[in-house]
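Heads up, the thing below is written out as structure tokens.
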Amino acid sequence: MSKMIYILNGPNLNLLGKREPEIYGHDTLADVETNCAAVGKILGLSVKLQQSNHEGEIVEMIHEARENAAGIIINPAAYSHTSVAILDALNTFEGPVLEVHISNIHKRETFRHHSYVSARADGVIAGFGVNGYALAMQHMGTLLA
């Protein structure tokens, strides 16, 4: 039986592929899910990709992951820089957590340089485009082996 990995995405990532393609590229979240599922199949991992524009819903997704997931890959998007609630929820999760950012947040506006989520993350991937999700899946496979 494969281990379940929750891939959680924050605000505006539902517009991936349409919004600011010069920063975020042309791939969609459906493309991300397909790529992660392919990597997961090789590693014996399955994926559940979710997205919400609402902080409380992301907290609920993390609570659900506590019961169902071996690991979490999270791109909290703008909530990275503001959400203590998401950090607190992640602190209740016992498995590995990897943080992904499509853009290099350290080359962007100063307020994006700090992430509350990083305080819980076992690793952070930033600036690799949507390939960062596949890299996170590969590392998750290593962490769970």
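FYI, nothing fancy with the structure tokens labels: chains A, B, ... in order, residues from 1 per chain, ligands from 1 as they appear.
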Could you give me, as JSON lines, a per-residue list for region 10-64 of chain A showing, wherever an atom lies at most 9 Å from an atom of region 78-86 of chain A, the closest pair of atoms and their distance in Å to one decimal, using only C-alpha atoms and sorting by chain then residue number from low to high?
{"residue": "A:Gly10", "atom": "CA", "partner": "A:Tyr79", "partner_atom": "CA", "distance": 6.9}
{"residue": "A:Pro11", "atom": "CA", "partner": "A:Ala78", "partner_atom": "CA", "distance": 6.7}
{"residue": "A:Asn12", "atom": "CA", "partner": "A:Ala78", "partner_atom": "CA", "distance": 8.7}
{"residue": "A:Glu55", "atom": "CA", "partner": "A:Ile86", "partner_atom": "CA", "distance": 7.4}
{"residue": "A:Gly56", "atom": "CA", "partner": "A:Ala85", "partner_atom": "CA", "distance": 8.1}
{"residue": "A:Ile58", "atom": "CA", "partner": "A:Ile86", "partner_atom": "CA", "distance": 7.2}
{"residue": "A:Val59", "atom": "CA", "partner": "A:Ile86", "partner_atom": "CA", "distance": 5.7}
{"residue": "A:Ile62", "atom": "CA", "partner": "A:Ile86", "partner_atom": "CA", "distance": 8.1}
Produce a file of the selected residues containing all heavy atoms, as a PDB file, in the first residue's frame.
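To be explicit, this is the file written out as out.pdb:
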ATOM      1  N   GLY A  10      -1.830  27.268  -1.338  1.00  0.00           N
ATOM      2  CA  GLY A  10      -2.519  28.431  -0.812  1.00  0.00           C
ATOM      3  C   GLY A  10      -3.127  29.336  -1.866  1.00  0.00           C
ATOM      4  O   GLY A  10      -3.327  28.934  -3.020  1.00  0.00           O
ATOM      5  N   PRO A  11      -3.394  30.575  -1.471  1.00  0.00           N
ATOM      6  CA  PRO A  11      -4.168  31.503  -2.286  1.00  0.00           C
ATOM      7  C   PRO A  11      -3.544  31.796  -3.645  1.00  0.00           C
ATOM      8  O   PRO A  11      -2.330  31.902  -3.782  1.00  0.00           O
ATOM      9  CB  PRO A  11      -4.251  32.771  -1.437  1.00  0.00           C
ATOM     10  CG  PRO A  11      -3.269  32.618  -0.352  1.00  0.00           C
ATOM     11  CD  PRO A  11      -2.972  31.174  -0.201  1.00  0.00           C
ATOM     12  N   ASN A  12      -4.425  31.904  -4.611  1.00  0.00           N
ATOM     13  CA  ASN A  12      -4.148  32.281  -5.988  1.00  0.00           C
ATOM     14  C   ASN A  12      -3.458  31.193  -6.802  1.00  0.00           C
ATOM     15  O   ASN A  12      -3.278  31.362  -8.003  1.00  0.00           O
ATOM     16  CB  ASN A  12      -3.354  33.592  -6.065  1.00  0.00           C
ATOM     17  CG  ASN A  12      -4.110  34.741  -5.457  1.00  0.00           C
ATOM     18  OD1 ASN A  12      -5.276  34.955  -5.795  1.00  0.00           O
ATOM     19  ND2 ASN A  12      -3.493  35.454  -4.536  1.00  0.00           N
ATOM     20  N   GLU A  55      -7.513  30.678   4.525  1.00  0.00           N
ATOM     21  CA  GLU A  55      -6.587  30.206   5.551  1.00  0.00           C
ATOM     22  C   GLU A  55      -7.171  29.081   6.396  1.00  0.00           C
ATOM     23  O   GLU A  55      -6.511  28.058   6.625  1.00  0.00           O
ATOM     24  CB  GLU A  55      -6.181  31.393   6.432  1.00  0.00           C
ATOM     25  CG  GLU A  55      -5.176  31.081   7.493  1.00  0.00           C
ATOM     26  CD  GLU A  55      -4.813  32.326   8.283  1.00  0.00           C
ATOM     27  OE1 GLU A  55      -5.676  33.227   8.463  1.00  0.00           O
ATOM     28  OE2 GLU A  55      -3.659  32.393   8.733  1.00  0.00           O
ATOM     29  N   GLY A  56      -8.386  29.246   6.866  1.00  0.00           N
ATOM     30  CA  GLY A  56      -9.011  28.232   7.713  1.00  0.00           C
ATOM     31  C   GLY A  56      -9.181  26.903   7.004  1.00  0.00           C
ATOM     32  O   GLY A  56      -9.055  25.842   7.616  1.00  0.00           O
ATOM     33  N   ILE A  58      -7.165  25.721   4.738  1.00  0.00           N
ATOM     34  CA  ILE A  58      -5.837  25.111   4.702  1.00  0.00           C
ATOM     35  C   ILE A  58      -5.529  24.471   6.055  1.00  0.00           C
ATOM     36  O   ILE A  58      -4.992  23.362   6.120  1.00  0.00           O
ATOM     37  CB  ILE A  58      -4.769  26.132   4.280  1.00  0.00           C
ATOM     38  CG1 ILE A  58      -5.042  26.588   2.838  1.00  0.00           C
ATOM     39  CG2 ILE A  58      -3.361  25.544   4.403  1.00  0.00           C
ATOM     40  CD1 ILE A  58      -4.229  27.786   2.392  1.00  0.00           C
ATOM     41  N   VAL A  59      -5.892  25.148   7.132  1.00  0.00           N
ATOM     42  CA  VAL A  59      -5.733  24.566   8.469  1.00  0.00           C
ATOM     43  C   VAL A  59      -6.508  23.256   8.554  1.00  0.00           C
ATOM     44  O   VAL A  59      -5.990  22.251   9.056  1.00  0.00           O
ATOM     45  CB  VAL A  59      -6.168  25.564   9.564  1.00  0.00           C
ATOM     46  CG1 VAL A  59      -6.272  24.895  10.918  1.00  0.00           C
ATOM     47  CG2 VAL A  59      -5.201  26.748   9.611  1.00  0.00           C
ATOM     48  N   ILE A  62      -4.726  20.462   6.800  1.00  0.00           N
ATOM     49  CA  ILE A  62      -3.609  19.956   7.614  1.00  0.00           C
ATOM     50  C   ILE A  62      -4.137  19.022   8.704  1.00  0.00           C
ATOM     51  O   ILE A  62      -3.562  17.962   8.958  1.00  0.00           O
ATOM     52  CB  ILE A  62      -2.795  21.124   8.202  1.00  0.00           C
ATOM     53  CG1 ILE A  62      -2.116  21.920   7.081  1.00  0.00           C
ATOM     54  CG2 ILE A  62      -1.755  20.607   9.211  1.00  0.00           C
ATOM     55  CD1 ILE A  62      -1.589  23.279   7.495  1.00  0.00           C
TER      56      ILE A  62
END
Skip region 22-24 of chain A itself and residues of its chain fewer than 4 positions away, then list as a list in words all residues within 8 Å of it, counting only C-alpha atoms.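 Counting only C-alpha atoms, the residues come to Leu16, Gly17, Ile102, Ser103, Gly129 and Val130 of chain A.
Of the residues listed (A:Val117, A:Val32, A:Ala69, A:Ala145), A:Ala69 shows the shortest atom-to-atom separation from Phe93 (chain A); distances use only C-alpha atoms.
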In terms of the shortest atom-to-atom distance over only C-alpha atoms, which of A:Leu29, A:Ile7, A:Ala37, A:Leu43 is closest to Gln138 (chain A)?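 Once distances to Gln138 (chain A) are computed over only C-alpha atoms, the minimum belongs to A:Leu43.
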Residues of region 5-130 of chain A in strand (DSSP E) according to DSSP, as a ChimeraX atom specification? /A:5-9,45-51,71-75,97-101,123-126
Residue with smallest distance to Gly25 (chain A) - pool A:Ala65, A:Leu13, A:Leu87, A:Val100, counting only C-alpha atoms: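 Ranked by minimum distance to Gly25 (chain A), first place goes to A:Leu13.
Here CA of Glu67 (chain A) stands at a distance of 27.8 Å from CA of Ala126 (chain A).
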In Å, rounded to a single decimal, give me how far CA of Ser2 (chain A) is from CA of Thr28 (chain A).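 Computing it gives 25.0 Å between the two atoms.
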DSSP-assigned helix (DSSP H, G or I) members of region 38-103 of chain A, reported as a PyMOL selection string: chain A and resi 38-43+55-68+77-81+84-90
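One finds CA of Asp122 (chain A) at 25.2 Å from CA of Ala30 (chain A).
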9 Å contact set for Ser118 (chain A), only C-alpha atoms, chain neighbours under 3 positions out, as a ChimeraX atom specification: /A:80,87,98-99,114-115,121-124
Selection export as a PDB file, in the first residue's frame, atoms kept: all heavy atoms:
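This is the output file out31.pdb:
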ATOM      1  N   SER A  80       2.482  32.156   3.615  1.00  0.00           N
ATOM      2  CA  SER A  80       3.823  31.877   4.151  1.00  0.00           C
ATOM      3  C   SER A  80       4.276  32.992   5.072  1.00  0.00           C
ATOM      4  O   SER A  80       4.900  32.753   6.099  1.00  0.00           O
ATOM      5  CB  SER A  80       4.849  31.779   3.013  1.00  0.00           C
ATOM      6  OG  SER A  80       4.471  30.872   2.044  1.00  0.00           O
ATOM      7  N   LEU A  87       1.180  27.656  10.592  1.00  0.00           N
ATOM      8  CA  LEU A  87       2.342  27.133  11.318  1.00  0.00           C
ATOM      9  C   LEU A  87       1.897  26.284  12.497  1.00  0.00           C
ATOM     10  O   LEU A  87       2.386  25.168  12.691  1.00  0.00           O
ATOM     11  CB  LEU A  87       3.235  28.277  11.805  1.00  0.00           C
ATOM     12  CG  LEU A  87       4.360  27.879  12.771  1.00  0.00           C
ATOM     13  CD1 LEU A  87       5.331  26.890  12.129  1.00  0.00           C
ATOM     14  CD2 LEU A  87       5.073  29.118  13.281  1.00  0.00           C
ATOM     15  N   LEU A  98       7.480  19.517   3.825  1.00  0.00           N
ATOM     16  CA  LEU A  98       8.364  20.226   2.909  1.00  0.00           C
ATOM     17  C   LEU A  98       7.625  21.438   2.363  1.00  0.00           C
ATOM     18  O   LEU A  98       6.465  21.337   1.962  1.00  0.00           O
ATOM     19  CB  LEU A  98       8.808  19.307   1.766  1.00  0.00           C
ATOM     20  CG  LEU A  98       9.597  18.073   2.198  1.00  0.00           C
ATOM     21  CD1 LEU A  98       9.888  17.179   0.997  1.00  0.00           C
ATOM     22  CD2 LEU A  98      10.889  18.465   2.902  1.00  0.00           C
ATOM     23  N   GLU A  99       8.309  22.556   2.358  1.00  0.00           N
ATOM     24  CA  GLU A  99       7.742  23.826   1.875  1.00  0.00           C
ATOM     25  C   GLU A  99       8.258  24.080   0.466  1.00  0.00           C
ATOM     26  O   GLU A  99       9.459  23.969   0.213  1.00  0.00           O
ATOM     27  CB  GLU A  99       8.165  24.950   2.818  1.00  0.00           C
ATOM     28  CG  GLU A  99       7.645  26.317   2.451  1.00  0.00           C
ATOM     29  CD  GLU A  99       8.097  27.400   3.429  1.00  0.00           C
ATOM     30  OE1 GLU A  99       8.855  27.094   4.384  1.00  0.00           O
ATOM     31  OE2 GLU A  99       7.700  28.551   3.228  1.00  0.00           O
ATOM     32  N   HIS A 114      10.569  36.318   4.555  1.00  0.00           N
ATOM     33  CA  HIS A 114      10.319  35.557   5.780  1.00  0.00           C
ATOM     34  C   HIS A 114       9.118  34.648   5.600  1.00  0.00           C
ATOM     35  O   HIS A 114       8.083  35.064   5.088  1.00  0.00           O
ATOM     36  CB  HIS A 114      10.056  36.488   6.968  1.00  0.00           C
ATOM     37  CG  HIS A 114       9.730  35.730   8.214  1.00  0.00           C
ATOM     38  ND1 HIS A 114       8.438  35.481   8.604  1.00  0.00           N
ATOM     39  CD2 HIS A 114      10.524  35.122   9.124  1.00  0.00           C
ATOM     40  CE1 HIS A 114       8.450  34.768   9.723  1.00  0.00           C
ATOM     41  NE2 HIS A 114       9.699  34.530  10.054  1.00  0.00           N
ATOM     42  N   SER A 115       9.245  33.406   6.027  1.00  0.00           N
ATOM     43  CA  SER A 115       8.131  32.459   6.004  1.00  0.00           C
ATOM     44  C   SER A 115       7.966  31.847   7.387  1.00  0.00           C
ATOM     45  O   SER A 115       8.896  31.234   7.913  1.00  0.00           O
ATOM     46  CB  SER A 115       8.393  31.347   4.986  1.00  0.00           C
ATOM     47  OG  SER A 115       7.452  30.301   5.156  1.00  0.00           O
ATOM     48  N   ALA A 121       9.103  23.450   8.602  1.00  0.00           N
ATOM     49  CA  ALA A 121       9.470  22.641   7.440  1.00  0.00           C
ATOM     50  C   ALA A 121      10.774  21.890   7.657  1.00  0.00           C
ATOM     51  O   ALA A 121      11.728  22.420   8.226  1.00  0.00           O
ATOM     52  CB  ALA A 121       9.575  23.530   6.203  1.00  0.00           C
ATOM     53  N   ASP A 122      10.794  20.645   7.185  1.00  0.00           N
ATOM     54  CA  ASP A 122      12.007  19.845   7.203  1.00  0.00           C
ATOM     55  C   ASP A 122      12.911  20.186   6.030  1.00  0.00           C
ATOM     56  O   ASP A 122      14.074  19.763   5.999  1.00  0.00           O
ATOM     57  CB  ASP A 122      11.639  18.355   7.176  1.00  0.00           C
ATOM     58  CG  ASP A 122      10.860  17.963   8.417  1.00  0.00           C
ATOM     59  OD1 ASP A 122      11.446  17.992   9.512  1.00  0.00           O
ATOM     60  OD2 ASP A 122       9.655  17.661   8.291  1.00  0.00           O
ATOM     61  N   GLY A 123      12.404  20.932   5.081  1.00  0.00           N
ATOM     62  CA  GLY A 123      13.164  21.403   3.937  1.00  0.00           C
ATOM     63  C   GLY A 123      12.356  22.435   3.187  1.00  0.00           C
ATOM     64  O   GLY A 123      11.116  22.439   3.259  1.00  0.00           O
ATOM     65  N   VAL A 124      13.049  23.339   2.493  1.00  0.00           N
ATOM     66  CA  VAL A 124      12.403  24.395   1.717  1.00  0.00           C
ATOM     67  C   VAL A 124      12.994  24.392   0.315  1.00  0.00           C
ATOM     68  O   VAL A 124      14.219  24.381   0.154  1.00  0.00           O
ATOM     69  CB  VAL A 124      12.612  25.785   2.370  1.00  0.00           C
ATOM     70  CG1 VAL A 124      11.954  26.880   1.527  1.00  0.00           C
ATOM     71  CG2 VAL A 124      12.094  25.797   3.802  1.00  0.00           C
TER      72      VAL A 124
END
Would you mind listing what lies within 12 Å of Leu144 (chain A) as a compact mmCIF listing (two decimals) with C-alpha atoms, in the first residue's frame, with only C-alpha atoms counted and same-chain residues fewer than 2 positions away left out?
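result.txt, written as the output of this step:
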# COMPACT_ATOMS: atom_id res chain seq x y z
CA SER A 2 1.42 3.38 -0.98
CA LYS A 3 1.96 6.15 1.51
CA MET A 4 -0.24 9.22 1.02
CA ILE A 5 1.35 12.64 0.53
CA GLY A 40 5.07 9.19 -6.48
CA LEU A 43 8.55 5.92 -5.09
CA GLY A 44 5.50 4.05 -3.82
CA LEU A 45 3.74 7.27 -2.81
CA ALA A 69 -0.99 11.41 5.28
CA ALA A 70 2.56 10.23 5.78
CA GLY A 71 3.90 13.64 4.70
CA ILE A 72 2.87 17.13 3.62
CA GLY A 95 5.34 13.43 9.64
CA PRO A 96 7.75 15.32 7.40
CA VAL A 97 6.74 18.70 5.98
CA MET A 137 8.25 14.42 -3.89
CA GLN A 138 11.67 12.88 -4.48
CA HIS A 139 12.95 14.15 -1.14
CA MET A 140 9.75 13.02 0.59
CA GLY A 141 10.48 9.54 -0.73
CA THR A 142 13.93 9.71 0.87
With distances taken over only C-alpha atoms, which residue among A:Asp27, A:Lys18, A:Ala89, A:Gln51 lies nearest Pro76 (chain A)?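 Using only C-alpha atoms, the shortest distance to Pro76 (chain A) belongs to A:Gln51.
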